[in-house]
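Asker: The file below is input31.tsv, TSV, C-alpha atoms:
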```tsv
chain	number	residue	atom	x	y	z
A	212	MET	CA	5.07	26.91	-4.94
A	213	LEU	CA	4.40	27.82	-8.57
A	214	ARG	CA	6.92	30.17	-10.14
A	215	ILE	CA	6.51	32.00	-13.46
A	216	GLY	CA	9.46	32.78	-15.70
A	217	TYR	CA	10.24	34.33	-19.06
A	218	SER	CA	11.67	32.78	-22.21
A	219	LEU	CA	14.53	34.67	-23.87
A	220	SER	CA	14.26	33.71	-27.53
A	221	SER	CA	17.69	33.92	-29.16
A	222	GLU	CA	16.15	32.98	-32.49
A	223	GLU	CA	14.12	36.20	-32.61
A	224	HIS	CA	16.19	38.84	-30.79
A	225	GLY	CA	19.70	40.25	-30.85
A	226	PRO	CA	22.04	40.19	-27.85
A	227	ASN	CA	21.43	43.71	-26.58
A	228	ASP	CA	17.66	43.27	-26.77
A	229	LEU	CA	17.89	39.98	-24.88
A	230	ILE	CA	19.80	41.67	-22.08
A	231	ARG	CA	17.21	44.44	-21.94
A	232	PHE	CA	14.36	41.92	-21.91
A	233	ALA	CA	15.97	40.09	-18.99
A	234	GLN	CA	15.98	43.37	-17.06
A	235	GLN	CA	12.35	44.01	-17.96
A	236	ALA	CA	11.37	40.48	-16.96
A	237	GLU	CA	12.89	41.01	-13.53
A	238	GLU	CA	11.14	44.37	-13.15
A	239	ALA	CA	7.78	42.89	-14.27
A	240	GLY	CA	7.88	40.22	-11.58
A	241	PHE	CA	9.18	37.14	-13.41
A	242	THR	CA	11.46	35.24	-11.06
A	243	PHE	CA	13.53	33.31	-13.59
A	244	ALA	CA	14.29	33.04	-17.29
A	245	LEU	CA	15.58	30.48	-19.75
A	246	ILE	CA	17.58	31.51	-22.80
A	247	SER	CA	17.66	29.39	-25.95
A	248	ASP	CA	21.01	28.26	-27.38
A	249	HIS	CA	20.86	28.19	-31.19
A	250	PHE	CA	23.34	28.48	-34.03
A	251	HIS	CA	20.50	29.07	-36.51
A	252	PRO	CA	16.96	30.43	-36.12
A	253	TRP	CA	14.14	28.08	-37.05
A	254	ILE	CA	13.14	30.21	-40.07
A	255	GLU	CA	14.83	33.10	-41.88
A	256	GLY	CA	12.18	35.56	-40.70
A	257	GLN	CA	13.19	35.13	-37.06
A	258	GLY	CA	16.57	36.39	-38.11
A	259	GLN	CA	18.85	36.02	-35.05
A	260	SER	CA	21.12	33.59	-33.19
A	261	PRO	CA	23.62	35.37	-30.90
A	262	PHE	CA	26.19	33.32	-28.98
A	263	VAL	CA	24.36	32.47	-25.80
A	264	TRP	CA	27.33	32.51	-23.42
A	265	ALA	CA	28.22	36.09	-24.32
A	266	VAL	CA	24.61	37.15	-23.74
A	267	ILE	CA	24.55	35.37	-20.37
A	268	GLY	CA	27.53	37.47	-19.28
A	269	GLY	CA	25.60	40.62	-20.12
A	270	ILE	CA	22.51	39.42	-18.27
A	271	ALA	CA	24.61	38.58	-15.23
A	272	ARG	CA	25.66	42.23	-14.98
A	273	ALA	CA	22.26	43.69	-15.84
A	274	THR	CA	20.11	41.77	-13.32
A	275	GLU	CA	20.22	41.31	-9.57
A	276	GLU	CA	17.81	38.55	-8.57
A	277	LEU	CA	16.59	36.91	-11.79
A	278	GLN	CA	17.57	33.25	-11.98
A	279	LEU	CA	18.79	32.22	-15.41
A	280	GLY	CA	19.28	28.94	-17.21
A	281	THR	CA	19.99	27.71	-20.72
A	282	GLY	CA	16.91	26.44	-22.44
A	283	VAL	CA	18.66	24.38	-23.67
A	284	THR	CA	22.32	23.71	-24.49
A	285	ALA	CA	23.20	20.50	-26.36
A	286	PRO	CA	26.70	19.31	-25.36
A	287	ILE	CA	26.56	16.80	-28.20
A	288	THR	CA	28.48	17.90	-31.31
A	289	ARG	CA	28.69	21.66	-31.74
A	290	ILE	CA	30.22	22.29	-28.31
A	291	HIS	CA	32.27	19.73	-26.37
A	292	PRO	CA	30.97	19.14	-22.81
A	293	ALA	CA	34.31	20.22	-21.32
A	294	ILE	CA	33.81	23.66	-22.89
A	295	VAL	CA	30.20	23.78	-21.74
A	296	ALA	CA	31.41	22.88	-18.24
A	297	GLN	CA	33.85	25.80	-18.27
A	298	ALA	CA	31.25	28.23	-19.66
A	299	ALA	CA	28.61	27.17	-17.13
A	300	ALA	CA	31.08	27.39	-14.25
A	301	THR	CA	31.95	30.96	-15.25
A	302	ALA	CA	28.27	31.89	-15.51
A	303	ALA	CA	27.64	30.41	-12.07
A	304	VAL	CA	30.51	32.47	-10.61
A	305	MET	CA	29.05	35.62	-12.16
A	306	MET	CA	25.53	34.76	-10.93
A	307	PRO	CA	26.08	33.00	-7.57
A	308	GLY	CA	23.03	30.91	-6.74
A	309	ARG	CA	21.20	32.24	-9.81
A	310	PHE	CA	22.45	30.16	-12.75
A	311	PHE	CA	21.42	26.66	-13.83
A	312	LEU	CA	22.37	24.61	-16.88
A	313	GLY	CA	19.62	23.21	-19.06
A	314	VAL	CA	20.79	20.47	-21.43
A	315	GLY	CA	19.21	18.32	-24.11
A	316	THR	CA	19.92	16.16	-27.13
A	317	GLY	CA	19.67	19.09	-29.55
A	318	GLU	CA	18.41	19.62	-33.07
A	319	ASN	CA	20.07	18.93	-36.40
A	320	LEU	CA	19.35	22.58	-37.22
A	321	ASN	CA	22.20	23.62	-34.92
A	322	GLU	CA	24.41	20.54	-34.68
A	323	HIS	CA	25.01	19.67	-38.36
A	324	ILE	CA	27.25	22.67	-38.94
A	325	LEU	CA	30.49	20.76	-38.28
A	326	GLY	CA	29.68	18.28	-41.05
A	327	GLY	CA	29.09	15.10	-39.06
A	328	GLU	CA	26.19	12.71	-39.40
A	329	TRP	CA	23.09	13.38	-37.30
A	330	PRO	CA	23.05	10.59	-34.68
A	331	SER	CA	20.01	8.56	-33.75
A	332	HIS	CA	18.00	9.63	-30.71
A	333	ARG	CA	19.29	6.66	-28.73
A	334	GLN	CA	22.90	7.62	-29.50
A	335	ARG	CA	22.25	11.25	-28.60
A	336	LEU	CA	20.86	10.16	-25.23
A	337	GLU	CA	23.97	8.05	-24.60
A	338	THR	CA	26.15	11.00	-25.57
A	339	LEU	CA	24.21	13.37	-23.31
A	340	GLU	CA	24.60	11.04	-20.34
A	341	GLU	CA	28.36	10.89	-20.90
A	342	ALA	CA	28.50	14.67	-21.32
A	343	VAL	CA	26.76	15.24	-17.98
A	344	GLU	CA	29.21	12.85	-16.32
A	345	ILE	CA	32.15	14.85	-17.73
A	346	MET	CA	30.74	18.19	-16.61
A	347	ARG	CA	30.11	17.01	-13.08
A	348	LEU	CA	33.61	15.50	-12.99
A	349	LEU	CA	35.24	18.78	-14.03
A	350	TRP	CA	33.15	20.75	-11.53
A	351	SER	CA	34.48	18.53	-8.73
A	352	GLY	CA	37.82	20.32	-9.04
A	353	GLY	CA	41.38	19.30	-9.75
A	354	THR	CA	42.90	17.91	-12.92
A	355	GLN	CA	40.65	15.34	-14.55
A	356	SER	CA	40.91	12.91	-17.45
A	357	PHE	CA	38.13	10.89	-19.02
A	358	ARG	CA	37.94	8.38	-21.82
A	359	GLY	CA	34.47	7.22	-22.77
A	360	ARG	CA	32.62	5.91	-25.76
A	361	HIS	CA	31.90	9.36	-27.19
A	362	TYR	CA	34.32	11.81	-25.56
A	363	THR	CA	37.88	12.09	-24.35
A	364	VAL	CA	39.14	14.63	-21.81
A	365	ASP	CA	42.88	14.85	-21.24
A	366	ARG	CA	44.21	16.39	-18.01
A	367	ALA	CA	41.70	19.21	-17.90
A	368	ARG	CA	41.14	21.52	-14.95
A	369	ILE	CA	38.59	24.28	-14.58
A	370	TYR	CA	40.24	26.87	-12.36
A	371	THR	CA	37.30	29.29	-12.10
A	372	LEU	CA	34.69	27.32	-10.20
A	373	PRO	CA	31.61	28.44	-8.24
A	374	GLU	CA	31.29	27.50	-4.57
A	375	VAL	CA	28.38	25.23	-5.53
A	376	PRO	CA	28.11	23.63	-9.00
A	377	PRO	CA	25.10	24.78	-11.01
A	378	PRO	CA	22.12	22.42	-11.16
A	379	ILE	CA	21.72	20.48	-14.40
A	380	LEU	CA	18.18	20.28	-15.78
A	381	VAL	CA	17.50	17.83	-18.60
A	382	ALA	CA	15.02	18.54	-21.39
A	383	ALA	CA	12.83	15.61	-22.39
A	384	ARG	CA	9.87	14.72	-24.59
A	385	GLY	CA	9.80	10.95	-24.98
A	386	GLU	CA	9.87	8.12	-22.48
A	387	ARG	CA	13.60	7.29	-22.68
A	388	ALA	CA	14.61	10.94	-22.36
A	389	VAL	CA	12.31	11.45	-19.37
A	390	GLU	CA	13.77	8.43	-17.63
A	391	LEU	CA	17.27	9.78	-18.25
A	392	ALA	CA	16.24	13.18	-16.88
A	393	GLY	CA	14.91	11.58	-13.70
A	394	ARG	CA	18.05	9.50	-13.26
A	395	ILE	CA	20.86	12.00	-13.98
A	396	GLY	CA	19.23	15.42	-13.84
A	397	ASP	CA	18.58	17.88	-11.04
A	398	GLY	CA	15.31	18.80	-12.73
A	399	LEU	CA	13.19	18.45	-15.86
A	400	ILE	CA	12.47	20.81	-18.76
A	401	GLY	CA	9.33	19.91	-20.71
A	402	VAL	CA	7.31	21.46	-23.51
A	403	GLY	CA	3.74	20.30	-23.00
A	404	PRO	CA	1.15	19.90	-20.19
A	405	ASP	CA	1.65	16.14	-20.04
A	406	ALA	CA	0.93	14.68	-16.61
A	407	ASP	CA	2.13	11.23	-17.72
A	408	LEU	CA	5.53	12.72	-18.57
A	409	ILE	CA	5.78	14.20	-15.08
A	410	ARG	CA	4.82	10.88	-13.49
A	411	ARG	CA	7.47	9.03	-15.52
A	412	PHE	CA	10.05	11.60	-14.50
A	413	GLU	CA	9.21	11.16	-10.81
A	414	LYS	CA	9.21	7.38	-11.08
A	415	ALA	CA	12.68	7.44	-12.68
A	416	GLY	CA	14.20	9.37	-9.77
A	417	GLY	CA	12.80	12.86	-10.26
A	418	GLU	CA	10.50	13.01	-7.24
A	419	GLY	CA	10.98	16.31	-5.44
A	420	LYS	CA	13.06	17.81	-8.26
A	421	PRO	CA	11.90	20.99	-10.06
A	422	ARG	CA	9.86	20.68	-13.26
A	423	TYR	CA	10.06	23.45	-15.84
A	424	GLY	CA	7.53	23.79	-18.65
A	425	GLN	CA	7.60	26.24	-21.55
A	426	VAL	CA	4.43	27.87	-22.90
A	427	HIS	CA	4.19	29.88	-26.11
A	428	VAL	CA	1.98	32.96	-26.22
A	429	CYS	CA	1.49	35.95	-28.47
A	430	TRP	CA	0.06	39.05	-26.82
A	431	ALA	CA	-1.17	41.80	-29.14
A	432	GLU	CA	-3.89	44.45	-29.08
A	433	SER	CA	-6.30	42.02	-30.78
A	434	GLU	CA	-6.57	38.29	-31.19
A	435	ALA	CA	-6.48	38.64	-34.98
A	436	GLU	CA	-3.20	40.54	-34.83
A	437	ALA	CA	-1.74	38.02	-32.39
A	438	ARG	CA	-2.68	35.12	-34.64
A	439	ARG	CA	-1.05	36.82	-37.62
A	440	ILE	CA	2.15	37.53	-35.69
A	441	GLY	CA	2.25	33.99	-34.31
A	442	HIS	CA	1.93	32.52	-37.76
A	443	ASP	CA	4.56	34.83	-39.27
A	444	TRP	CA	7.14	34.45	-36.51
A	445	TRP	CA	6.65	30.96	-35.01
A	446	PRO	CA	5.13	28.50	-37.54
A	447	ASN	CA	7.62	25.87	-36.32
A	448	SER	CA	5.41	25.42	-33.24
A	449	ALA	CA	2.91	23.51	-35.39
A	450	LEU	CA	5.36	21.05	-36.95
A	451	LYS	CA	4.76	17.45	-35.94
A	452	GLY	CA	6.83	14.34	-35.39
A	453	ASN	CA	10.60	14.38	-35.74
A	454	LEU	CA	10.78	17.38	-38.07
A	455	LEU	CA	11.82	19.73	-35.26
A	456	VAL	CA	14.93	17.69	-34.49
A	457	ASP	CA	15.78	16.28	-37.93
A	458	LEU	CA	15.51	19.19	-40.37
A	459	ALA	CA	18.87	20.87	-40.99
A	460	THR	CA	18.37	24.45	-42.20
A	461	PRO	CA	15.96	27.37	-41.82
A	462	GLU	CA	15.08	26.92	-45.50
A	463	GLU	CA	13.98	23.34	-44.83
A	464	PHE	CA	11.82	24.54	-41.94
A	465	GLU	CA	10.23	27.18	-44.15
A	466	ARG	CA	9.34	24.59	-46.77
A	467	ALA	CA	7.91	22.30	-44.11
A	468	ALA	CA	5.82	25.18	-42.74
A	469	GLU	CA	4.32	26.26	-46.08
A	470	SER	CA	1.02	24.48	-45.43
A	471	ILE	CA	0.71	25.57	-41.79
A	472	THR	CA	-2.22	27.92	-41.14
A	473	GLU	CA	-2.95	30.50	-38.46
A	474	ASP	CA	-5.35	28.00	-36.87
A	475	ASP	CA	-2.56	25.42	-36.67
A	476	VAL	CA	-0.28	27.86	-34.85
A	477	ALA	CA	-3.07	29.03	-32.56
A	478	ASP	CA	-3.45	25.44	-31.34
A	479	SER	CA	0.01	25.65	-29.74
A	480	VAL	CA	0.39	29.41	-29.16
A	481	THR	CA	-2.04	31.23	-26.85
A	482	CYS	CA	-3.01	34.31	-28.84
A	483	GLY	CA	-4.63	37.60	-27.88
A	484	PRO	CA	-5.09	40.20	-25.12
A	485	GLU	CA	-7.50	38.33	-22.82
A	486	PRO	CA	-5.85	37.61	-19.43
A	487	GLU	CA	-8.06	34.62	-18.70
A	488	ARG	CA	-6.84	32.74	-21.77
A	489	HIS	CA	-3.24	33.17	-20.66
A	490	LEU	CA	-4.11	32.19	-17.10
A	491	GLN	CA	-5.87	29.07	-18.34
A	492	THR	CA	-2.78	27.99	-20.27
A	493	LEU	CA	-0.66	28.42	-17.15
A	494	ARG	CA	-3.21	26.46	-15.10
A	495	GLU	CA	-3.03	23.54	-17.54
A	496	TYR	CA	0.71	23.27	-17.03
A	497	ALA	CA	0.43	23.63	-13.27
A	498	GLU	CA	-2.27	20.95	-13.11
A	499	ALA	CA	-0.04	18.62	-15.15
A	500	GLY	CA	2.60	18.91	-12.45
A	501	TYR	CA	4.97	21.72	-13.46
A	502	ASP	CA	6.12	23.97	-10.62
A	503	HIS	CA	8.09	26.35	-12.89
A	504	ILE	CA	6.42	27.70	-16.05
A	505	TYR	CA	8.25	30.03	-18.41
A	506	VAL	CA	6.46	32.12	-21.01
A	507	HIS	CA	7.67	32.72	-24.56
A	508	GLN	CA	6.18	35.86	-26.14
A	509	VAL	CA	6.33	35.28	-29.88
A	510	GLY	CA	7.41	38.15	-32.10
A	511	PRO	CA	8.86	41.63	-31.68
A	512	GLU	CA	6.29	43.13	-29.29
A	513	GLN	CA	7.93	42.45	-25.94
A	514	ASP	CA	7.30	45.80	-24.21
A	515	GLY	CA	3.53	45.41	-24.47
A	516	PHE	CA	3.81	41.82	-23.29
A	517	PHE	CA	5.68	42.89	-20.15
A	518	ARG	CA	3.06	45.54	-19.37
A	519	PHE	CA	0.27	43.01	-19.91
A	520	TYR	CA	1.78	40.25	-17.78
A	521	GLY	CA	3.06	42.67	-15.15
A	522	THR	CA	-0.40	44.18	-14.58
A	523	GLU	CA	-2.95	41.61	-15.77
A	524	VAL	CA	-1.48	38.10	-15.31
A	525	LEU	CA	1.25	37.86	-12.67
A	526	PRO	CA	-0.72	39.71	-9.95
A	527	ARG	CA	-3.65	37.32	-10.38
A	528	ILE	CA	-1.33	34.35	-10.06
A	529	ARG	CA	0.12	35.77	-6.85
A	530	GLU	CA	-3.37	36.40	-5.49
A	531	ALA	CA	-4.38	32.79	-6.24
A	532	LEU	CA	-1.27	31.44	-4.52
A	533	GLU	CA	-1.82	33.59	-1.44
A	534	SER	CA	-5.53	32.80	-1.07
```
Can the structure from this file be put into structure tokens for me?
Answerer:
Amino acid sequence: MLRIGYSLSSEEHGPNDLIRFAQQAEEAGFTFALISDHFHPWIEGQGQSPFVWAVIGGIARATEELQLGTGVTAPITRIHPAIVAQAAATAAVMMPGRFFLGVGTGENLNEHILGGEWPSHRQRLETLEEAVEIMRLLWSGGTQSFRGRHYTVDRARIYTLPEVPPPILVAARGERAVELAGRIGDGLIGVGPDADLIRRFEKAGGEGKPRYGQVHVCWAESEAEARRIGHDWWPNSALKGNLLVDLATPEEFERAAESITEDDVADSVTCGPEPERHLQTLREYAEAGYDHIYVHQVGPEQDGFFRFYGTEVLPRIREALES
């Protein structure tokens, strides 16, 4: 069954707003949410990057049924996987049956801050696999030690554990990452309506596992206003190649985005107030094979977005599923 969720954008909103948006998402009929884990925003204009684990604690207290996951945490350099394991275990205790951990290989934007070299994609995949092994080991209980190629854990025990460990979903774009997600993950997080990606995930061991896809939209009173907001707030959506993972600072992203136009952004962000356009975007992801789709509303106008989706989009999806 198709489920529609909401994207909590830590790059654009402060912690108290994110908690309020999670409440509004639940009230509007979204069944789950993913919250981004950034140290820096993509560009200066976005202007935020609260510590995700503190915000998750607030959301745990402010919601009752909304499922919540990180979208995504990179247990690569900035945060050791043993610490991520402890944080995720605490979140799962606070949200029993409602929390999942989304992980990925990260971006230089957030990981360079400790001064190390930015590893190759292959090395980051190896590191992520080892990190997932450590987290599952610590969630098994008792005192655990680990010595691998990338990490060492010395006699560590997580005392506050949930009854059931949280699922681990793995974010993936390319072929090697998708194969890793199918092999070690409890689900997939993707960013485009790519049916081939879904098939590779299933072939690698992901058959029957949930598949989450993120869509970017910008609701506003007019399409012209939505296109302007999308371009001002989310030009990074139009960057190509490895720039998204390799650039190191918001200033570098701003320079890279100088030539990006409103048309470029509108190719990747569904803009405007027409319900059918939003529904068509969701259909494309569903037809590609995603069973969970979460919607990122670009920019500051979240209240209008919730009214629009709560009255114009989500009811039509429910009607289609029930017919």
Asker: Would you work out the distance separating atom CA of Leu493 of chain A from atom CA of Gly521 of chain A, expressed in Å to one decimal?
Answerer: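 For atom CA of Leu493 of chain A relative to atom CA of Gly521 of chain A, the distance reads 14.9 Å.
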Asker: Taking (6.4, 33.5, -13.6) in the file's coordinates as the center, which residues reach within 8 Å of it, counting only C-alpha atoms, put as a list of chain:residue names?
Answerer: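 Those within range, by chain then number, are A:Leu213, A:Arg214, A:Ile215, A:Gly216, A:Tyr217, A:Gly240, A:Phe241, A:Thr242, A:Phe243, A:His503, A:Ile504, A:Tyr505, A:Val506, A:Leu525.
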Asker: Please provide as a VMD selection string all residues within 12 Å of segment 355-357 of chain A, with the sequence filter that same-chain residues fewer than 6 positions apart are discarded (counting all atoms listed in the file).
Answerer: chain A and resid 292 to 293 341 to 342 344 to 349 363 to 370
Asker: Would you mind telling me which residue in A:Leu312, A:Val263, A:Ile254, A:Ala236 lies nearest to Glu462 of chain A when using only C-alpha atoms?
Answerer: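 When distances to Glu462 of chain A are compared using only C-alpha atoms, the smallest one comes from A:Ile254.
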Asker: Measuring between only C-alpha atoms, which one of A:Ile270, A:Glu328, A:Glu487, A:Ala392 shows the shortest distance to Gln235 of chain A?
Answerer: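 Checking each candidate against Gln235 of chain A, we get A:Ile270 as the closest.
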Asker: Measuring atom to atom with only C-alpha atoms, identify which of A:Gln259, A:Ser220, A:Ser331, A:Thr338 is nearest to Gln425 of chain A.
Answerer: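 Looking only at the distances to Gln425 of chain A, the closest residue turns out to be A:Ser220.
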Asker: Work out how far atom CA of Gly500 of chain A is from atom CA of Ile409 of chain A, in Å to one decimal.
Answerer: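 We find that atom CA of Ile409 of chain A and atom CA of Gly500 of chain A lie 6.3 Å from each other.
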